[in-house]
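Structure file work.cif; described as mmCIF, C-alpha atoms and all ligand atoms.
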```cif
data_my_file
#
loop_
_atom_site.label_atom_id
_atom_site.label_comp_id
_atom_site.auth_asym_id
_atom_site.auth_seq_id
_atom_site.Cartn_x
_atom_site.Cartn_y
_atom_site.Cartn_z
CA MET A 1 42.76 -42.47 154.02
CA ASN A 2 42.10 -44.90 151.20
CA ASN A 3 39.76 -44.29 148.30
CA LYS A 4 37.10 -46.67 149.58
CA SER A 5 36.28 -44.43 152.51
CA ILE A 6 35.71 -41.35 150.32
CA ARG A 7 31.97 -41.17 149.79
CA ILE A 8 31.78 -37.63 148.41
CA PRO A 9 34.96 -36.73 146.53
CA PHE A 10 36.05 -33.17 145.91
CA VAL A 11 35.71 -33.70 142.16
CA ASP A 12 34.56 -36.67 140.09
CA LEU A 13 35.71 -36.56 136.47
CA GLN A 14 34.19 -39.95 135.55
CA LEU A 15 30.68 -38.52 135.70
CA GLN A 16 31.56 -36.17 132.84
CA TYR A 17 33.28 -38.79 130.75
CA GLN A 18 30.97 -41.79 130.89
CA PRO A 19 27.92 -40.29 129.10
CA ILE A 20 30.04 -39.16 126.11
CA GLN A 21 32.66 -41.90 126.13
CA THR A 22 31.81 -43.23 122.67
CA GLN A 23 31.98 -39.91 120.87
CA ILE A 24 35.25 -38.99 122.58
CA GLU A 25 36.77 -42.31 121.60
CA GLN A 26 35.68 -41.77 118.01
CA ALA A 27 37.26 -38.31 117.96
CA ILE A 28 40.52 -39.74 119.33
CA GLN A 29 40.41 -42.55 116.78
CA ALA A 30 39.98 -40.02 113.97
CA VAL A 31 43.15 -38.20 115.02
CA LEU A 32 45.04 -41.48 115.31
CA GLU A 33 44.03 -42.39 111.76
CA LYS A 34 44.98 -38.98 110.39
CA GLY A 35 48.22 -38.81 112.33
CA ASP A 36 48.35 -34.99 112.46
CA PHE A 37 49.36 -34.96 116.11
CA ILE A 38 51.05 -31.55 116.10
CA LEU A 39 49.09 -28.45 115.00
CA GLY A 40 46.52 -30.68 113.32
CA GLN A 41 43.06 -29.94 111.95
CA ALA A 42 41.23 -30.80 115.17
CA LEU A 43 43.32 -28.16 116.97
CA LYS A 44 42.37 -25.44 114.47
CA ASP A 45 38.72 -26.45 114.67
CA PHE A 46 38.70 -26.33 118.45
CA GLU A 47 40.58 -23.02 118.67
CA GLY A 48 37.95 -21.31 116.54
CA ALA A 49 35.03 -22.96 118.31
CA PHE A 50 36.27 -22.09 121.81
CA ALA A 51 37.05 -18.47 120.90
CA ALA A 52 33.55 -18.09 119.43
CA ALA A 53 31.93 -19.68 122.48
CA CYS A 54 33.73 -17.12 124.67
CA GLY A 55 32.60 -14.18 122.54
CA THR A 56 35.92 -13.40 120.90
CA ILE A 57 37.78 -14.15 117.66
CA TYR A 58 41.16 -15.89 117.81
CA GLY A 59 42.26 -18.86 119.89
CA VAL A 60 45.82 -20.17 120.07
CA GLY A 61 46.20 -23.48 121.92
CA VAL A 62 49.23 -24.01 124.15
CA ALA A 63 50.59 -26.70 126.46
CA SER A 64 49.15 -25.36 129.74
CA GLY A 65 47.38 -22.47 131.42
CA THR A 66 50.71 -21.35 132.84
CA ASP A 67 52.19 -21.09 129.34
CA ALA A 68 49.04 -19.31 128.17
CA ILE A 69 49.79 -16.57 130.72
CA ALA A 70 53.54 -16.41 130.05
CA LEU A 71 53.29 -16.45 126.25
CA GLY A 72 50.07 -14.42 126.16
CA LEU A 73 51.72 -11.58 128.07
CA GLN A 74 54.68 -11.68 125.67
CA ALA A 75 52.31 -11.65 122.71
CA CYS A 76 50.83 -8.46 124.20
CA ASP A 77 54.36 -6.99 124.10
CA ILE A 78 54.95 -7.15 127.85
CA GLU A 79 58.70 -6.91 128.29
CA PRO A 80 61.32 -7.27 131.01
CA GLY A 81 61.09 -4.25 133.31
CA ASP A 82 57.35 -3.82 132.81
CA GLU A 83 55.20 -4.00 135.90
CA VAL A 84 52.15 -6.26 135.91
CA ILE A 85 49.51 -6.00 138.64
CA LEU A 86 47.95 -9.23 139.94
CA PRO A 87 46.06 -10.34 143.06
CA ALA A 88 48.05 -11.91 145.91
CA ASN A 89 45.36 -14.56 146.33
CA THR A 90 45.56 -16.50 143.12
CA PHE A 91 46.92 -19.86 142.09
CA VAL A 92 50.70 -19.55 141.88
CA ALA A 93 50.61 -20.16 138.11
CA THR A 94 49.42 -16.57 137.53
CA LEU A 95 52.62 -15.37 139.19
CA ILE A 96 54.81 -17.89 137.38
CA GLY A 97 53.36 -16.73 134.06
CA VAL A 98 54.30 -13.12 134.83
CA LEU A 99 57.83 -14.12 135.86
CA HIS A 100 58.31 -16.28 132.75
CA ALA A 101 57.32 -13.30 130.63
CA GLY A 102 60.17 -11.43 132.34
CA ALA A 103 57.88 -8.82 133.88
CA LYS A 104 57.84 -7.57 137.47
CA PRO A 105 54.82 -8.83 139.44
CA ILE A 106 53.09 -6.23 141.62
CA PHE A 107 50.66 -7.82 144.06
CA VAL A 108 47.51 -6.19 145.36
CA ASP A 109 44.91 -7.25 147.92
CA CYS A 110 41.41 -8.58 147.32
CA ASP A 111 37.82 -7.98 148.39
CA ASP A 112 36.92 -10.25 151.30
CA ARG A 113 33.34 -10.82 150.15
CA THR A 114 34.22 -12.16 146.70
CA ALA A 115 37.97 -12.88 146.96
CA LEU A 116 38.36 -10.99 143.65
CA ILE A 117 41.08 -8.39 143.05
CA ASP A 118 40.45 -5.03 144.75
CA LEU A 119 40.60 -2.49 141.93
CA SER A 120 40.98 0.46 144.28
CA ALA A 121 44.09 -1.22 145.70
CA ALA A 122 45.21 -1.82 142.11
CA ALA A 123 44.79 1.90 141.38
CA ARG A 124 47.15 2.71 144.24
CA ALA A 125 49.74 0.29 142.83
CA ILE A 126 49.97 2.05 139.46
CA THR A 127 53.40 3.48 138.56
CA PRO A 128 54.80 4.84 135.29
CA LYS A 129 56.11 1.32 134.64
CA THR A 130 52.73 -0.42 134.96
CA LYS A 131 51.83 -2.03 131.64
CA ALA A 132 49.12 -4.51 132.49
CA ILE A 133 46.66 -5.77 135.07
CA ILE A 134 45.74 -9.44 135.39
CA PRO A 135 42.23 -9.83 136.77
CA VAL A 136 41.89 -13.44 137.92
CA HIS A 137 38.28 -14.56 137.49
CA LEU A 138 38.63 -16.58 140.68
CA TYR A 139 36.38 -19.54 141.57
CA GLY A 140 34.35 -18.99 138.38
CA GLN A 141 33.28 -15.39 138.93
CA MET A 142 34.47 -12.61 136.65
CA VAL A 143 36.01 -9.42 137.95
CA SER A 144 33.52 -6.75 136.83
CA PRO A 145 34.26 -6.02 133.14
CA ARG A 146 32.75 -2.55 133.40
CA GLU A 147 35.03 -1.60 136.29
CA LEU A 148 37.99 -3.24 134.59
CA LEU A 149 37.49 -1.35 131.34
CA ASP A 150 37.16 1.92 133.29
CA PHE A 151 40.34 1.05 135.16
CA ALA A 152 42.27 0.28 131.97
CA GLU A 153 41.05 3.50 130.35
CA THR A 154 41.88 5.66 133.37
CA HIS A 155 45.33 4.23 133.95
CA LYS A 156 46.29 3.43 130.34
CA VAL A 157 47.16 -0.19 131.03
CA LEU A 158 46.14 -3.32 129.19
CA ILE A 159 43.94 -6.04 130.65
CA PHE A 160 45.14 -9.63 130.47
CA GLU A 161 42.51 -11.97 131.92
CA ASP A 162 43.39 -15.11 133.84
CA ALA A 163 40.24 -17.05 133.02
CA ALA A 164 41.61 -20.47 134.02
CA GLN A 165 38.68 -20.95 136.42
CA ALA A 166 36.01 -19.20 134.38
CA HIS A 167 35.18 -21.03 131.13
CA LEU A 168 31.99 -19.38 129.77
CA ALA A 169 31.54 -17.16 132.82
CA LYS A 170 29.65 -13.91 132.15
CA ARG A 171 29.19 -10.52 133.78
CA ASP A 172 27.90 -7.13 132.63
CA GLY A 173 27.11 -8.74 129.26
CA TYR A 174 30.74 -9.78 128.65
CA GLY A 175 32.11 -13.30 128.42
CA ALA A 176 35.26 -14.27 130.31
CA GLY A 177 38.14 -13.98 127.88
CA SER A 178 36.50 -11.28 125.77
CA VAL A 179 37.22 -8.26 127.96
CA GLY A 180 40.97 -7.65 127.76
CA ARG A 181 43.64 -7.43 125.07
CA ALA A 182 44.01 -11.19 125.59
CA ALA A 183 43.06 -13.93 128.04
CA ALA A 184 44.50 -17.21 129.27
CA PHE A 185 42.54 -20.40 129.95
CA SER A 186 43.68 -23.73 131.36
CA PHE A 187 42.32 -27.14 130.37
CA TYR A 188 43.82 -28.94 133.37
CA PRO A 189 41.52 -31.98 133.83
CA SER A 190 39.55 -30.63 136.79
CA LYS A 191 38.81 -27.19 135.28
CA ASN A 192 35.25 -26.56 134.07
CA LEU A 193 36.44 -27.63 130.62
CA GLY A 194 39.21 -30.18 131.13
CA ALA A 195 41.46 -32.17 128.79
CA PHE A 196 42.87 -35.66 129.36
CA GLY A 197 46.13 -34.09 130.46
CA ASP A 198 47.57 -30.59 130.38
CA GLY A 199 46.47 -27.87 127.99
CA GLY A 200 45.67 -24.18 127.69
CA ILE A 201 44.67 -21.47 125.22
CA VAL A 202 45.12 -17.75 124.65
CA LEU A 203 42.11 -15.86 123.31
CA THR A 204 42.20 -12.44 121.71
CA ARG A 205 40.36 -10.30 119.18
CA ASP A 206 43.63 -8.63 118.14
CA PRO A 207 45.09 -10.25 115.00
CA ASP A 208 48.61 -9.06 115.86
CA VAL A 209 48.49 -10.68 119.29
CA ALA A 210 47.15 -13.88 117.72
CA GLU A 211 49.90 -13.93 115.10
CA LYS A 212 52.63 -13.38 117.65
CA MET A 213 51.14 -16.16 119.81
CA VAL A 214 51.23 -18.55 116.85
CA ARG A 215 54.96 -17.86 116.55
CA LEU A 216 55.78 -17.89 120.26
CA ARG A 217 54.28 -21.35 120.85
CA ASN A 218 56.12 -22.79 117.85
CA TYR A 219 59.83 -21.91 118.39
CA GLY A 220 59.24 -18.29 117.37
CA ALA A 221 58.88 -19.36 113.74
CA SER A 222 57.03 -17.14 111.27
CA GLN A 223 57.42 -19.89 108.69
CA LYS A 224 59.19 -23.22 108.80
CA TYR A 225 62.85 -22.72 109.81
CA LEU A 226 62.57 -18.92 109.92
CA HIS A 227 62.71 -17.81 113.54
CA ILE A 228 61.98 -14.15 114.18
CA GLU A 229 61.72 -14.32 117.97
CA VAL A 230 62.91 -16.60 120.75
CA GLY A 231 59.66 -18.47 121.34
CA THR A 232 59.37 -21.96 122.77
CA ASN A 233 57.67 -25.29 122.19
CA SER A 234 54.23 -25.06 123.77
CA ARG A 235 51.38 -26.38 121.67
CA LEU A 236 48.04 -27.88 122.58
CA ASP A 237 48.14 -31.48 121.28
CA THR A 238 45.74 -32.25 118.44
CA LEU A 239 44.48 -35.19 120.50
CA GLN A 240 43.65 -32.98 123.48
CA ALA A 241 41.92 -30.46 121.21
CA ALA A 242 39.80 -33.23 119.70
CA VAL A 243 38.70 -34.30 123.20
CA LEU A 244 38.00 -30.72 124.27
CA HIS A 245 35.96 -30.05 121.13
CA GLN A 246 33.71 -33.03 121.91
CA LYS A 247 33.19 -31.75 125.47
CA LEU A 248 32.60 -28.10 124.54
CA PRO A 249 28.89 -28.43 123.60
CA TYR A 250 28.19 -29.88 127.06
CA LEU A 251 29.96 -27.11 128.93
CA PRO A 252 26.91 -24.80 129.25
CA SER A 253 24.84 -27.56 130.84
CA TRP A 254 27.71 -28.61 133.12
CA ASN A 255 28.11 -24.99 134.22
CA ARG A 256 24.37 -24.76 134.78
CA GLU A 257 24.54 -27.83 137.01
CA ARG A 258 27.34 -26.24 139.00
CA TRP A 259 25.20 -23.12 139.38
CA ASN A 260 22.23 -25.14 140.64
CA ILE A 261 24.42 -26.97 143.12
CA ALA A 262 25.72 -23.61 144.37
CA GLN A 263 22.13 -22.38 144.88
CA GLN A 264 21.39 -25.42 146.97
CA TYR A 265 24.54 -24.90 149.03
CA ASN A 266 23.57 -21.24 149.52
CA THR A 267 20.09 -22.16 150.72
CA GLU A 268 21.15 -24.95 153.02
CA LEU A 269 24.11 -23.05 154.47
CA ALA A 270 22.05 -19.90 155.18
CA PRO A 271 21.11 -20.95 158.75
CA LEU A 272 24.82 -21.39 159.54
CA ALA A 273 25.64 -17.74 158.76
CA SER A 274 25.01 -16.82 162.41
CA CYS A 275 27.63 -19.44 163.33
CA GLY A 276 30.28 -17.81 161.15
CA ILE A 277 29.95 -19.95 158.01
CA ILE A 278 29.72 -17.46 155.14
CA PRO A 279 29.62 -18.45 151.45
CA MET A 280 31.74 -16.24 149.16
CA GLU A 281 29.42 -13.71 147.54
CA ASN A 282 28.26 -13.93 143.95
CA HIS A 283 28.02 -10.48 142.35
CA SER A 284 27.38 -11.71 138.84
CA GLY A 285 24.07 -13.54 139.02
CA GLU A 286 23.81 -16.47 136.64
CA GLY A 287 27.15 -15.63 135.06
CA HIS A 288 29.11 -17.30 137.88
CA VAL A 289 30.31 -20.74 136.71
CA TYR A 290 31.37 -22.05 140.13
CA HIS A 291 34.64 -23.72 139.32
CA LEU A 292 34.81 -23.91 143.11
CA TYR A 293 32.25 -23.43 145.87
CA VAL A 294 34.07 -21.64 148.66
CA ILE A 295 32.93 -20.78 152.18
CA ARG A 296 34.63 -18.56 154.70
CA MET A 297 34.80 -19.45 158.39
CA ASP A 298 35.00 -16.11 160.15
CA ASP A 299 36.28 -15.32 163.65
CA SER A 300 32.92 -16.11 165.26
CA CYS A 301 33.04 -19.70 164.02
CA ALA A 302 33.17 -22.17 166.92
CA ILE A 303 35.28 -24.71 165.04
CA GLU A 304 38.80 -24.45 163.70
CA ARG A 305 39.06 -24.94 159.95
CA GLN A 306 41.50 -27.80 160.28
CA LEU A 307 39.26 -29.62 162.72
CA LEU A 308 36.22 -29.16 160.48
CA GLN A 309 38.21 -30.49 157.54
CA GLU A 310 39.29 -33.52 159.59
CA LYS A 311 35.75 -34.23 160.70
CA LEU A 312 34.47 -33.99 157.12
CA THR A 313 37.25 -36.30 155.96
CA ALA A 314 36.28 -38.77 158.65
CA ALA A 315 32.70 -38.59 157.32
CA GLY A 316 34.02 -39.46 153.83
CA ILE A 317 33.74 -35.91 152.47
CA GLN A 318 36.72 -34.38 150.67
CA THR A 319 37.34 -30.64 150.83
CA GLY A 320 40.07 -28.29 149.58
CA ILE A 321 41.66 -24.92 150.32
CA HIS A 322 42.19 -22.51 147.43
CA TYR A 323 44.71 -21.37 148.50
CA PRO A 324 46.30 -21.93 151.92
CA ILE A 325 49.33 -19.64 151.36
CA PRO A 326 49.00 -16.42 149.31
CA CYS A 327 51.54 -16.03 146.49
CA HIS A 328 53.51 -13.26 148.19
CA LEU A 329 54.31 -15.52 151.16
CA GLN A 330 55.36 -18.61 149.18
CA PRO A 331 58.97 -19.56 150.00
CA ALA A 332 60.04 -19.54 146.34
CA PHE A 333 59.06 -15.90 145.90
CA LEU A 334 60.27 -14.25 149.10
CA ASN A 335 62.94 -12.55 147.00
CA LEU A 336 60.17 -10.35 145.60
CA GLY A 337 60.37 -8.56 148.96
CA TYR A 338 56.85 -8.96 150.31
CA GLU A 339 56.11 -9.91 153.90
CA VAL A 340 53.35 -10.93 156.30
CA GLY A 341 50.85 -8.11 156.73
CA ASP A 342 51.25 -6.68 153.22
CA PHE A 343 47.86 -7.98 152.04
CA PRO A 344 45.65 -8.43 155.11
CA CYS A 345 42.55 -9.54 153.26
CA ALA A 346 44.32 -12.19 151.17
CA GLU A 347 46.14 -13.41 154.28
CA LYS A 348 42.91 -13.58 156.30
CA LEU A 349 41.07 -15.44 153.54
CA ALA A 350 43.89 -17.96 153.24
CA LYS A 351 43.24 -18.88 156.87
CA GLN A 352 39.42 -18.86 156.66
CA ILE A 353 38.38 -20.37 153.33
CA LEU A 354 37.24 -23.91 152.62
CA SER A 355 36.18 -25.35 149.25
CA LEU A 356 33.31 -27.85 149.32
CA PRO A 357 32.73 -30.66 146.80
CA MET A 358 31.58 -29.17 143.46
CA TYR A 359 31.23 -30.95 140.13
CA PRO A 360 28.53 -31.73 137.60
CA GLY A 361 26.80 -34.86 138.81
CA LEU A 362 27.00 -34.03 142.53
CA SER A 363 23.50 -34.91 143.71
CA ASN A 364 21.05 -32.95 145.87
CA SER A 365 21.28 -35.52 148.62
CA GLN A 366 25.08 -35.34 148.57
CA VAL A 367 24.95 -31.56 148.97
CA GLN A 368 22.55 -32.09 151.87
CA GLU A 369 24.95 -34.57 153.37
CA VAL A 370 27.90 -32.15 153.13
CA VAL A 371 25.97 -29.34 154.80
CA GLY A 372 24.57 -31.74 157.40
CA ALA A 373 28.08 -32.90 158.27
CA ILE A 374 29.25 -29.30 158.63
CA ALA A 375 26.32 -28.46 160.93
CA LEU A 376 26.94 -31.58 163.00
CA SER A 377 30.65 -30.80 163.45
CA LEU A 378 29.84 -27.22 164.31
CA ASN A 379 27.22 -28.16 166.89
CA ALA A 380 29.52 -30.65 168.57
CA GLU A 381 32.12 -27.90 169.05
CA ARG A 382 29.55 -25.40 170.32
CA GLN A 383 28.29 -27.92 172.86
CA LYS A 384 31.85 -28.34 174.11
CA LEU A 385 32.25 -24.59 174.44
CA LEU A 386 29.00 -24.31 176.40
CA CYS A 387 30.13 -27.01 178.83
CA ILE A 388 33.42 -25.32 179.68
C1 LIG A 401 44.73 -23.75 136.88
C2 LIG A 401 45.11 -22.33 136.92
C3 LIG A 401 46.20 -21.82 136.21
C4 LIG A 401 47.23 -22.69 135.53
O1 LIG A 401 46.82 -23.58 134.62
P1 LIG A 401 47.71 -24.88 134.29
O2 LIG A 401 47.03 -25.42 133.10
O3 LIG A 401 47.62 -25.78 135.48
O4 LIG A 401 49.10 -24.44 134.01
C5 LIG A 401 46.42 -20.45 136.20
N1 LIG A 401 45.64 -19.63 136.91
C6 LIG A 401 44.60 -20.06 137.64
C7 LIG A 401 43.76 -19.08 138.38
C8 LIG A 401 44.32 -21.44 137.69
O5 LIG A 401 43.29 -21.86 138.44
#
```
With the file now loaded, output its structure as structure tokens.
Amino acid sequence: MNNKSIRIPFVDLQLQYQPIQTQIEQAIQAVLEKGDFILGQALKDFEGAFAAACGTIYGVGVASGTDAIALGLQACDIEPGDEVILPANTFVATLIGVLHAGAKPIFVDCDDRTALIDLSAAARAITPKTKAIIPVHLYGQMVSPRELLDFAETHKVLIFEDAAQAHLAKRDGYGAGSVGRAAAFSFYPSKNLGAFGDGGIVLTRDPDVAEKMVRLRNYGASQKYLHIEVGTNSRLDTLQAAVLHQKLPYLPSWNRERWNIAQQYNTELAPLASCGIIPMENHSGEGHVYHLYVIRMDDSCAIERQLLQEKLTAAGIQTGIHYPIPCHLQPAFLNLGYEVGDFPCAEKLAKQILSLPMYPGLSNSQVQEVVGAIALSLNAERQKLLCI
């Protein structure tokens, strides 16, 4: 399908860029004139500002969210042989980060109402080798900080947050990225705070973790040409940091817009609950930042997910699935030894979920149109069933 026939895209990044185009261009120009492209002043400024906005102290910018997880875990002294617990239903980058850190990933199932990690399942996965748990603040909703801190205390493990979908999310009075020993964020363009390319950051309030991160991202150097650990080359470009810093002040209002859009979806979708269309639950009130708006089509739903998606596409409405195959069943990772049936909830969600268009600038009438198209498709299928 060509772009012309898409009337409501899944995301629209232009709407975020156009209103602040001039100031972003000026910030880029300033970096070009200074020429400090690597580890420049605009990077330092942004790292501090983003950490503060998230309610913590240190920020260390890296090349991607994936690297933020891999290097962040190493900065927390996670070593080969250590076990790290993570949810089976996350973006594969969480898993790749654990593997790059050399640790052993231990998957656990999720809660089917929120899609967040099931901490009672995590408790059962604890062994003497468990060093860390990675709560993924999926879709923009934090895993309960209170329950996480209890969990970490009880089991003597550290918390490493994957906050790649949760910029400025809040719950129980905590900000995403301020709960654990450290946290990883991604600035992939479509995230709630997105760069003009790849980027990521590790946040922490621990000065030792921050210092080790500064070395790990820069060839393991403690000073120029003195390398005290292996490290790599993974830095957030000064140019990207300058762009992100210009966008940061707008993030609260963009998140607020996402929240309002989600409320409208909730209201308009409510009558479809009896037809098996169930929005993922929000257990964190206004602290949910709705990186994605996800519905579940349960067994009572008269229409197959794929057919609904096709009908929406035909109506010019783009949707997504986050994610269609849980990590433990991805071909690349079958050597980890997991199989179908290991995580029933994650596997069921993978078959039932559908992400609807969600981005700042999506209008009320567009939301209405999306829900209207879902209802129409659903009714057409129910009519067919009744006629059989
Ligand atoms: C986007 C994302 C990542 C990876 O970030 P990149 O910047 O694309 O490497 C990790 N975890 C989750 C949950 C994500 O959504």
(request) Enumerate as number ranges by chain the residues within 6 Å of ligand LIG 401 (chain A), counting all atoms listed in the file. (result) A: 64-66, 90-91, 93-94, 136, 162, 164-165, 186-188, 198-200
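Residues surrounding segment 278-283 of chain A within 6 Å are A:Arg113, A:Thr114, A:Ala273, A:Val294, A:Ile295, A:Arg296 [all atoms listed in the file; sequence separation below 5 positions excluded].
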(message) I'd like the interatomic distance between atom CA of Gly180 of chain A and atom CA of Gly220 of chain A, to a tenth of an Å.
(response) 23.6 Å
Sorted by chain and rising residue number, which residues of segment 15-93 of chain A lie within 9 Å of segment 245-265 of chain A, and what are their closest atom pairs and distances in Å to one decimal, counting only C-alpha atoms, as a Markdown table?
```
| residue | atom | partner | partner_atom | distance |
| --- | --- | --- | --- | --- |
| A:Gln16 | CA | A:Trp254 | CA | 8.5 |
| A:Tyr17 | CA | A:Lys247 | CA | 8.8 |
| A:Ile20 | CA | A:Lys247 | CA | 8.1 |
| A:Gln23 | CA | A:Gln246 | CA | 7.2 |
| A:Ile24 | CA | A:Gln246 | CA | 6.2 |
| A:Ala27 | CA | A:Gln246 | CA | 7.5 |
| A:Ala42 | CA | A:His245 | CA | 8.0 |
| A:Leu43 | CA | A:His245 | CA | 8.7 |
| A:Asp45 | CA | A:His245 | CA | 7.9 |
| A:Phe46 | CA | A:His245 | CA | 5.3 |
| A:Glu47 | CA | A:His245 | CA | 8.8 |
| A:Ala49 | CA | A:His245 | CA | 7.7 |
| A:Phe50 | CA | A:Leu248 | CA | 7.6 |
| A:Ala53 | CA | A:Leu248 | CA | 8.7 |
```
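Of the listed residues (A:Leu39, A:Val31, A:Val108, A:Val202), A:Val108 comes nearest to Cys345 of chain A; the distances count all atoms listed in the file.
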(message) Just to confirm, what's the straight-line distance from atom CA of Gln21 of chain A to atom CA of Gly177 of chain A in Å (one decimal)?
(response) 28.5 Å
(message) List the spatial neighbours of Val367 of chain A as a ChimeraX atom specification - criterion: any atom at most 9 Å away, all atoms listed in the file, same-chain residues fewer than 3 positions off excluded.
(response) /A:261,264-265,268,357-358,362-364,370-372
Print the selection's residues with C-alpha atoms to a file, as a short mmCIF file (atom, residue, chain, number, x, y, z; two decimals), in the coordinates of the input.
```cif
data_model
loop_
_atom_site.label_atom_id
_atom_site.label_comp_id
_atom_site.auth_asym_id
_atom_site.auth_seq_id
_atom_site.Cartn_x
_atom_site.Cartn_y
_atom_site.Cartn_z
CA ILE A 261 24.42 -26.97 143.12
CA GLN A 264 21.39 -25.42 146.97
CA TYR A 265 24.54 -24.90 149.03
CA GLU A 268 21.15 -24.95 153.02
CA PRO A 357 32.73 -30.66 146.80
CA MET A 358 31.58 -29.17 143.46
CA LEU A 362 27.00 -34.03 142.53
CA SER A 363 23.50 -34.91 143.71
CA ASN A 364 21.05 -32.95 145.87
CA VAL A 370 27.90 -32.15 153.13
CA VAL A 371 25.97 -29.34 154.80
CA GLY A 372 24.57 -31.74 157.40
#
```
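Residues within 9 Å of Ser300 of chain A, counting all atoms listed in the file and excluding same-chain residues fewer than 5 positions away, are Ser274, Cys275, Gly276 and Ile277 of chain A.
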